[in-house]
>>> print(open('work-v2.tsv').read())   # TSV, C-alpha atoms
chain	number	residue	atom	x	y	z
A	1	MET	CA	49.52	-7.27	8.97
A	2	PHE	CA	49.73	-4.30	11.33
A	3	LEU	CA	48.74	-1.87	8.56
A	4	VAL	CA	45.86	-4.15	7.51
A	5	ARG	CA	44.51	-4.19	11.08
A	6	ILE	CA	44.75	-0.41	11.28
A	7	LYS	CA	42.97	-0.07	7.94
A	8	ASN	CA	40.19	-2.43	9.06
A	9	LYS	CA	39.71	-0.51	12.31
A	10	LEU	CA	39.56	2.80	10.45
A	11	ASN	CA	37.00	1.37	8.01
A	12	ALA	CA	34.91	0.08	10.92
A	13	LEU	CA	35.05	3.49	12.63
A	14	TYR	CA	34.11	5.22	9.39
A	15	ASN	CA	31.15	2.90	8.77
A	16	SER	CA	29.98	3.35	12.36
A	17	LEU	CA	30.16	7.14	11.99
A	18	ILE	CA	28.25	7.07	8.70
A	19	THR	CA	25.54	4.86	10.28
A	20	LYS	CA	25.17	7.30	13.19
A	21	ILE	CA	24.94	10.28	10.83
A	22	GLU	CA	22.34	8.51	8.68
A	23	THR	CA	20.34	7.49	11.76
A	24	PHE	CA	20.41	11.07	13.06
A	25	ARG	CA	19.37	12.42	9.66
A	26	VAL	CA	16.48	9.95	9.26
A	27	ARG	CA	15.29	10.67	12.80
A	28	ASN	CA	15.08	14.38	11.95
A	29	TYR	CA	13.33	13.67	8.65
A	30	LYS	CA	10.79	11.51	10.53
A	31	LYS	CA	10.05	14.28	13.03
A	32	LYS	CA	9.50	16.65	10.15
A	33	ALA	CA	7.34	14.43	7.92
A	34	LYS	CA	5.47	11.87	10.01
A	35	ILE	CA	1.83	12.53	10.94
A	36	ALA	CA	0.00	10.32	13.42
A	37	PHE	CA	-2.60	8.00	11.88
A	38	ASN	CA	-6.14	9.00	12.87
A	39	GLU	CA	-9.02	6.50	12.66
A	40	ASP	CA	-11.45	9.44	12.43
A	41	TRP	CA	-10.28	9.92	8.85
A	42	PHE	CA	-12.43	6.89	7.97
A	43	LYS	CA	-14.77	6.36	10.92
A	44	GLY	CA	-18.41	6.73	9.95
A	45	LYS	CA	-17.45	7.80	6.41
A	46	ARG	CA	-18.44	6.44	3.01
A	47	VAL	CA	-15.09	5.32	1.56
A	48	ALA	CA	-14.19	4.17	-1.96
A	49	ILE	CA	-10.99	2.21	-2.71
A	50	ILE	CA	-9.71	2.01	-6.29
A	51	GLY	CA	-7.10	-0.66	-7.03
A	52	GLY	CA	-5.17	-1.66	-10.13
A	53	ALA	CA	-7.22	-4.61	-11.40
A	54	ASP	CA	-8.90	-4.26	-14.77
A	55	SER	CA	-12.39	-4.28	-13.21
A	56	ALA	CA	-12.04	-0.60	-12.24
A	57	TYR	CA	-11.45	0.56	-15.79
A	58	LYS	CA	-14.38	-0.90	-17.71
A	59	GLU	CA	-17.32	1.30	-16.69
A	60	HIS	CA	-17.70	5.06	-16.47
A	61	LEU	CA	-18.17	5.27	-12.70
A	62	GLY	CA	-16.02	8.32	-12.05
A	63	GLU	CA	-18.91	10.49	-10.82
A	64	PHE	CA	-20.17	7.66	-8.63
A	65	ILE	CA	-16.72	7.30	-7.02
A	66	GLU	CA	-16.47	11.06	-6.53
A	67	SER	CA	-19.74	10.96	-4.55
A	68	TYR	CA	-18.01	9.16	-1.68
A	69	ASP	CA	-16.76	11.08	1.35
A	70	ILE	CA	-13.28	9.60	0.99
A	71	VAL	CA	-11.51	8.33	-2.14
A	72	VAL	CA	-8.53	6.01	-1.63
A	73	ARG	CA	-6.04	4.92	-4.28
A	74	LEU	CA	-3.21	2.39	-4.14
A	75	ASN	CA	0.46	2.47	-5.15
A	76	ASN	CA	0.59	3.42	-8.86
A	77	GLY	CA	-3.08	4.41	-9.03
A	78	VAL	CA	-2.52	8.16	-9.35
A	79	ARG	CA	-0.81	7.56	-12.71
A	80	LEU	CA	-4.08	6.41	-14.25
A	81	ILE	CA	-6.25	9.37	-13.31
A	82	ASP	CA	-5.74	11.44	-16.47
A	83	LYS	CA	-6.36	8.55	-18.87
A	84	TYR	CA	-9.24	6.89	-16.99
A	85	LYS	CA	-10.91	9.71	-15.09
A	86	GLU	CA	-14.34	8.80	-16.52
A	87	CYS	CA	-13.95	5.38	-14.89
A	88	ILE	CA	-12.15	6.16	-11.64
A	89	GLY	CA	-12.69	9.86	-10.96
A	90	THR	CA	-9.95	12.38	-10.20
A	91	ARG	CA	-9.94	12.88	-6.44
A	92	THR	CA	-7.39	11.21	-4.16
A	93	ASP	CA	-7.99	11.90	-0.50
A	94	PHE	CA	-5.67	9.10	0.62
A	95	LEU	CA	-2.96	7.15	-1.18
A	96	PHE	CA	-1.88	3.86	0.40
A	97	HIS	CA	1.63	3.21	-0.87
A	98	SER	CA	4.08	0.37	-0.18
A	99	PHE	CA	7.23	2.50	-0.74
A	100	TYR	CA	8.60	-0.56	-2.57
A	101	VAL	CA	11.07	0.92	-5.04
A	102	GLU	CA	13.24	-2.07	-5.94
A	103	ASN	CA	13.91	-2.51	-9.65
A	104	ASP	CA	11.50	-5.35	-10.37
A	105	SER	CA	7.99	-5.81	-11.73
A	106	GLY	CA	6.35	-5.21	-8.36
A	107	LYS	CA	7.85	-1.78	-7.76
A	108	SER	CA	5.79	1.30	-6.92
A	109	PRO	CA	7.98	4.36	-7.50
A	110	ILE	CA	7.92	7.40	-5.25
A	111	GLU	CA	6.34	10.07	-7.48
A	112	THR	CA	5.89	13.09	-5.26
A	113	GLU	CA	5.61	15.58	-8.11
A	114	LEU	CA	2.80	13.54	-9.69
A	115	TRP	CA	1.07	13.29	-6.31
A	116	ARG	CA	1.28	17.03	-5.81
A	117	LYS	CA	0.00	17.65	-9.33
A	118	HIS	CA	-3.08	15.58	-8.56
A	119	ASN	CA	-3.54	17.07	-5.09
A	120	VAL	CA	-3.16	13.81	-3.20
A	121	GLY	CA	-4.53	14.62	0.22
A	122	HIS	CA	-2.68	12.23	2.50
A	123	LEU	CA	-0.09	9.49	2.07
A	124	ILE	CA	-0.31	6.31	4.15
A	125	PHE	CA	2.45	3.72	4.43
A	126	PRO	CA	0.56	0.55	5.49
A	127	HIS	CA	3.36	-0.72	7.72
A	128	ASN	CA	4.72	0.28	11.11
A	129	MET	CA	8.19	1.81	11.10
A	130	GLU	CA	8.97	0.88	14.69
A	131	SER	CA	7.89	-2.76	14.92
A	132	GLU	CA	8.31	-4.14	11.38
A	133	GLY	CA	11.57	-4.75	9.53
A	134	TYR	CA	9.97	-3.88	6.19
A	135	GLY	CA	8.48	-0.77	7.75
A	136	ARG	CA	11.85	0.46	9.03
A	137	ARG	CA	13.73	-0.33	5.83
A	138	TYR	CA	11.36	1.17	3.28
A	139	GLY	CA	10.04	3.91	5.54
A	140	ASN	CA	13.61	5.10	6.03
A	141	LYS	CA	14.28	4.85	2.29
A	142	PHE	CA	11.26	7.06	1.67
A	143	LEU	CA	12.47	9.60	4.22
A	144	GLU	CA	15.93	9.63	2.67
A	145	SER	CA	14.60	10.06	-0.87
A	146	THR	CA	12.23	12.89	0.08
A	147	LYS	CA	14.48	14.43	2.78
A	148	GLY	CA	11.42	14.63	5.01
A	149	ASN	CA	9.67	17.03	2.65
A	150	TYR	CA	6.59	14.89	1.96
A	151	PRO	CA	4.24	14.25	4.91
A	152	PHE	CA	2.92	10.75	5.50
A	153	SER	CA	1.56	8.40	8.15
A	154	ASP	CA	2.45	4.83	8.92
A	155	CYS	CA	-0.08	2.34	10.30
A	156	PRO	CA	-0.39	2.09	14.08
A	157	GLU	CA	1.06	-1.03	15.66
A	158	ASP	CA	-2.34	-2.31	16.84
A	159	ILE	CA	-3.67	-2.32	13.27
A	160	CYS	CA	-0.48	-3.90	11.93
A	161	LYS	CA	-0.59	-6.59	14.61
A	162	MET	CA	-4.22	-7.32	13.72
A	163	MET	CA	-3.23	-7.77	10.09
A	164	ARG	CA	-0.23	-9.96	10.95
A	165	ASP	CA	-2.52	-12.20	12.99
A	166	VAL	CA	-5.20	-12.36	10.28
A	167	PHE	CA	-2.86	-13.06	7.37
A	168	PHE	CA	-0.20	-15.18	9.08
A	169	PRO	CA	2.12	-16.48	7.68
A	170	ILE	CA	1.98	-14.25	4.57
A	171	SER	CA	2.50	-10.53	4.06
A	172	PRO	CA	-0.62	-9.03	2.43
A	173	THR	CA	-0.50	-6.71	-0.56
A	174	THR	CA	-1.21	-3.00	-0.26
A	175	GLY	CA	-4.82	-3.44	-1.39
A	176	ALA	CA	-5.59	-6.01	1.28
A	177	LYS	CA	-3.84	-3.90	3.92
A	178	ALA	CA	-5.88	-0.84	2.92
A	179	ILE	CA	-9.16	-2.77	3.17
A	180	PHE	CA	-8.41	-4.21	6.59
A	181	ALA	CA	-6.92	-0.99	8.00
A	182	ILE	CA	-9.92	1.08	6.90
A	183	MET	CA	-12.41	-1.51	8.15
A	184	ASP	CA	-10.67	-1.41	11.53
A	185	CYS	CA	-11.66	2.28	11.66
A	186	ALA	CA	-15.41	1.44	11.29
A	187	PRO	CA	-16.44	3.21	8.06
A	188	LYS	CA	-20.12	3.61	7.26
A	189	GLU	CA	-19.61	2.07	3.81
A	190	LEU	CA	-16.63	0.69	1.89
A	191	TYR	CA	-16.85	0.49	-1.89
A	192	ILE	CA	-14.15	-1.61	-3.55
A	193	THR	CA	-13.24	-1.56	-7.22
A	194	GLY	CA	-10.10	-2.72	-8.99
A	195	ILE	CA	-9.26	-5.36	-6.38
A	196	THR	CA	-9.94	-8.97	-7.41
A	197	PHE	CA	-7.15	-10.77	-5.54
A	198	PHE	CA	-5.49	-11.66	-8.84
A	199	LYS	CA	-8.52	-13.52	-10.17
A	200	THR	CA	-8.44	-11.01	-13.03
A	201	ALA	CA	-5.50	-9.15	-14.58
A	202	HIS	CA	-4.03	-5.78	-13.68
A	203	ASN	CA	-4.74	-2.85	-15.92
A	204	GLN	CA	-1.47	-2.71	-17.86
A	205	ASP	CA	-1.11	1.03	-17.26
A	206	TYR	CA	-1.12	0.29	-13.53
A	207	ARG	CA	1.37	-2.57	-13.57
A	208	SER	CA	2.60	-4.70	-16.46
A	209	GLY	CA	2.52	-8.48	-16.62
A	210	SER	CA	-0.15	-11.00	-17.55
A	211	LEU	CA	-2.27	-12.76	-14.97
A	212	ASP	CA	-0.30	-15.97	-15.57
A	213	TYR	CA	2.95	-14.09	-15.01
A	214	TRP	CA	1.79	-12.80	-11.62
A	215	LYS	CA	0.47	-16.20	-10.57
A	216	ASP	CA	3.89	-17.66	-11.36
A	217	GLN	CA	5.51	-14.95	-9.27
A	218	PHE	CA	3.33	-15.72	-6.28
A	219	HIS	CA	3.95	-19.44	-6.56
A	220	GLN	CA	7.68	-18.94	-6.17
A	221	THR	CA	8.95	-20.06	-2.80
A	222	ASN	CA	10.40	-16.64	-1.97
A	223	SER	CA	7.14	-14.75	-2.51
A	224	PHE	CA	5.70	-13.07	0.59
A	225	HIS	CA	2.27	-12.68	-1.00
A	226	ASN	CA	-0.52	-15.22	-1.46
A	227	PRO	CA	-3.63	-13.87	-3.21
A	228	GLU	CA	-5.70	-16.97	-2.38
A	229	LYS	CA	-5.00	-16.49	1.32
A	230	GLU	CA	-5.86	-12.80	0.98
A	231	TYR	CA	-9.11	-13.62	-0.78
A	232	SER	CA	-10.06	-16.15	1.91
A	233	CYS	CA	-9.43	-13.58	4.66
A	234	PHE	CA	-11.34	-10.93	2.75
A	235	LYS	CA	-14.32	-13.24	2.18
A	236	GLU	CA	-14.53	-13.90	5.91
A	237	LEU	CA	-14.43	-10.15	6.62
A	238	TYR	CA	-17.04	-9.51	3.94
A	239	LEU	CA	-19.45	-12.08	5.38
A	240	LYS	CA	-19.14	-10.47	8.82
A	241	HIS	CA	-19.81	-6.96	7.49
A	242	LYS	CA	-21.95	-7.39	4.37
A	243	SER	CA	-23.98	-4.30	5.23
A	244	VAL	CA	-20.82	-2.15	5.10
A	245	PHE	CA	-19.29	-3.48	1.88
A	246	LYS	CA	-20.28	-2.46	-1.63
A	247	LEU	CA	-18.31	-4.29	-4.32
A	248	ASP	CA	-17.85	-3.61	-8.01
A	249	SER	CA	-19.64	-6.03	-10.32
A	250	THR	CA	-16.54	-8.16	-10.96
A	251	LEU	CA	-15.63	-8.77	-7.32
A	252	GLN	CA	-19.29	-9.27	-6.40
A	253	ALA	CA	-19.60	-11.94	-9.11
A	254	ILE	CA	-16.47	-13.67	-7.80
A	255	ILE	CA	-17.89	-13.73	-4.27
A	256	ASP	CA	-21.35	-14.82	-5.39
A	257	GLN	CA	-20.01	-17.66	-7.52
A	258	ASP	CA	-17.80	-18.82	-4.67
A	259	LEU	CA	-20.62	-18.80	-2.13
A	260	SER	CA	-22.99	-20.65	-4.47
A	261	SER	CA	-20.54	-23.44	-5.29
>>> encode(input="work-v2.tsv", output="structure tokens")
Amino acid sequence: MFLVRIKNKLNALYNSLITKIETFRVRNYKKKAKIAFNEDWFKGKRVAIIGGADSAYKEHLGEFIESYDIVVRLNNGVRLIDKYKECIGTRTDFLFHSFYVENDSGKSPIETELWRKHNVGHLIFPHNMESEGYGRRYGNKFLESTKGNYPFSDCPEDICKMMRDVFFPISPTTGAKAIFAIMDCAPKELYITGITFFKTAHNQDYRSGSLDYWKDQFHQTNSFHNPEKEYSCFKELYLKHKSVFKLDSTLQAIIDQDLSS
């Protein structure tokens, strides 16, 4: 028993030391990589967001998207540039990324070499690393995997709190977070394509799985996301700022049909 107690104490000391080393390392990585979020990136600008829904990949609107001051992509969106550049353009000024790297169908891998190849301008993690558990966990994972060698910004706490209040009790997807975060910065115009709040399917090169599959996933009791809640919150925001929003034909038809019913 004595030897067991000694072994347990040594293991506890070892684990404590490892935790301190990892905390110190992550803190240094954060100092090296983290850039303060700046609302002037979007304020007064014409901004285009391209999501993963199939609506973004039907029409050749690449040149139209490139005409915007700022082009924003989401999660796995950079992967699709080469194949669909006529539809979605090639520029990526900002990439909103969830840093969710778990081995399941919702993952968005960290692909820094691909991002560098396509000259991604700035990476935004739409969570706060200080106040949110998810933000700390996956922000730290990102720092560990990149060793602080890829600059990024997390969302300020005031924007994250606004989104928590709006979407309570759910956690919104990256697309919804990008829309609300950018709108909080007062853009001149916000064009949205490839976001339909799961009323249409993903492009399969963006993320696999049928529409029915994803609806089943969201209906599970352990899902943090609720596309219907997201859509309801977005519709309210849209109605308050119709002069700012420009929607692709699919999302506009969804809104119009909803408002006319």
>>> residues_around(input="work-v2.tsv", residues="range 225-229 of chain A", least_positions_apart="6", cutoff="12 Å", atoms="all atoms listed in the file", output="list of chain:residue names")
A:Gly106, A:Val166, A:Phe167, A:Phe168, A:Pro169, A:Ile170, A:Ser171, A:Pro172, A:Thr173, A:Thr174, A:Gly175, A:Ala176, A:Lys177, A:Ile195, A:Thr196, A:Phe197, A:Phe198, A:Lys199, A:Thr200, A:Leu211, A:Trp214, A:Lys215, A:Asp216, A:Gln217, A:Phe218, A:His219, A:Lys235, A:Glu236
>>> atom_distance(input="work-v2.tsv", atom1="CA of Thr92 in chain A", atom2="CA of Ile159 in chain A")
22.4 Å
>>> residues_around(input="work-v2.tsv", residues="Ala201 in chain A", least_positions_apart="3", cutoff="12 Å", atoms="all atoms listed in the file", output="list in words")
Gly51, Gly52, Ala53, Asp54, Ser55, Ala56, Tyr57, Gly194, Ile195, Thr196, Phe197, Phe198, Gln204, Asp205, Tyr206, Arg207, Ser208, Gly209, Ser210, Leu211, Asp212, Tyr213, Trp214, Lys215 and Thr250 of chain A
>>> atom_distance(input="work-v2.tsv", atom1="CA of Ser153 in chain A", atom2="CA of Ile192 in chain A")
22.0 Å
>>> closest_residue(input="work-v2.tsv", among="A:Val71, A:Leu247, A:Val101, A:Cys160", to="Gly121 in chain A", atoms="all atoms listed in the file")
A:Val71
>>> residues_around(input="work-v2.tsv", residues="Ile65 in chain A", least_positions_apart="6", cutoff="10 Å", atoms="only C-alpha atoms", output="list in words")
Val47, Ala48, Ile49, Ile50, Val71, Val72, Glu86, Cys87, Ile88, Gly89, Thr90, Arg91, Tyr191, Ile192 and Thr193 of chain A
>>> closest_residue(input="work-v2.tsv", among="A:Phe37, A:Tyr29, A:Tyr84, A:Phe64", to="Pro126 in chain A", atoms="all atoms listed in the file")
A:Phe37
>>> atom_distance(input="work-v2.tsv", atom1="CA of Ala186 in chain A", atom2="CA of Phe42 in chain A")
7.0 Å
>>> residues_around(input="work-v2.tsv", residues="Trp41 in chain A", least_positions_apart="5", cutoff="10 Å", atoms="only C-alpha atoms", output="PyMOL selection string")
chain A and resi 47+69-70+93-94+182+185+187
>>> closest_residue(input="work-v2.tsv", among="A:Glu130, A:Glu111, A:Glu157, A:Glu230", to="Ser145 in chain A", atoms="only C-alpha atoms")
A:Glu111
>>> residues_around(input="work-v2.tsv", residues="Phe125 in chain A", least_positions_apart="6", cutoff="6 Å", atoms="all atoms listed in the file", output="MDAnalysis selection string")
chainID A and resid 96:98 154
>>> closest_residue(input="work-v2.tsv", among="A:Phe142, A:Gly77, A:Ser249, A:Val244", to="Leu61 in chain A", atoms="only C-alpha atoms")
A:Ser249
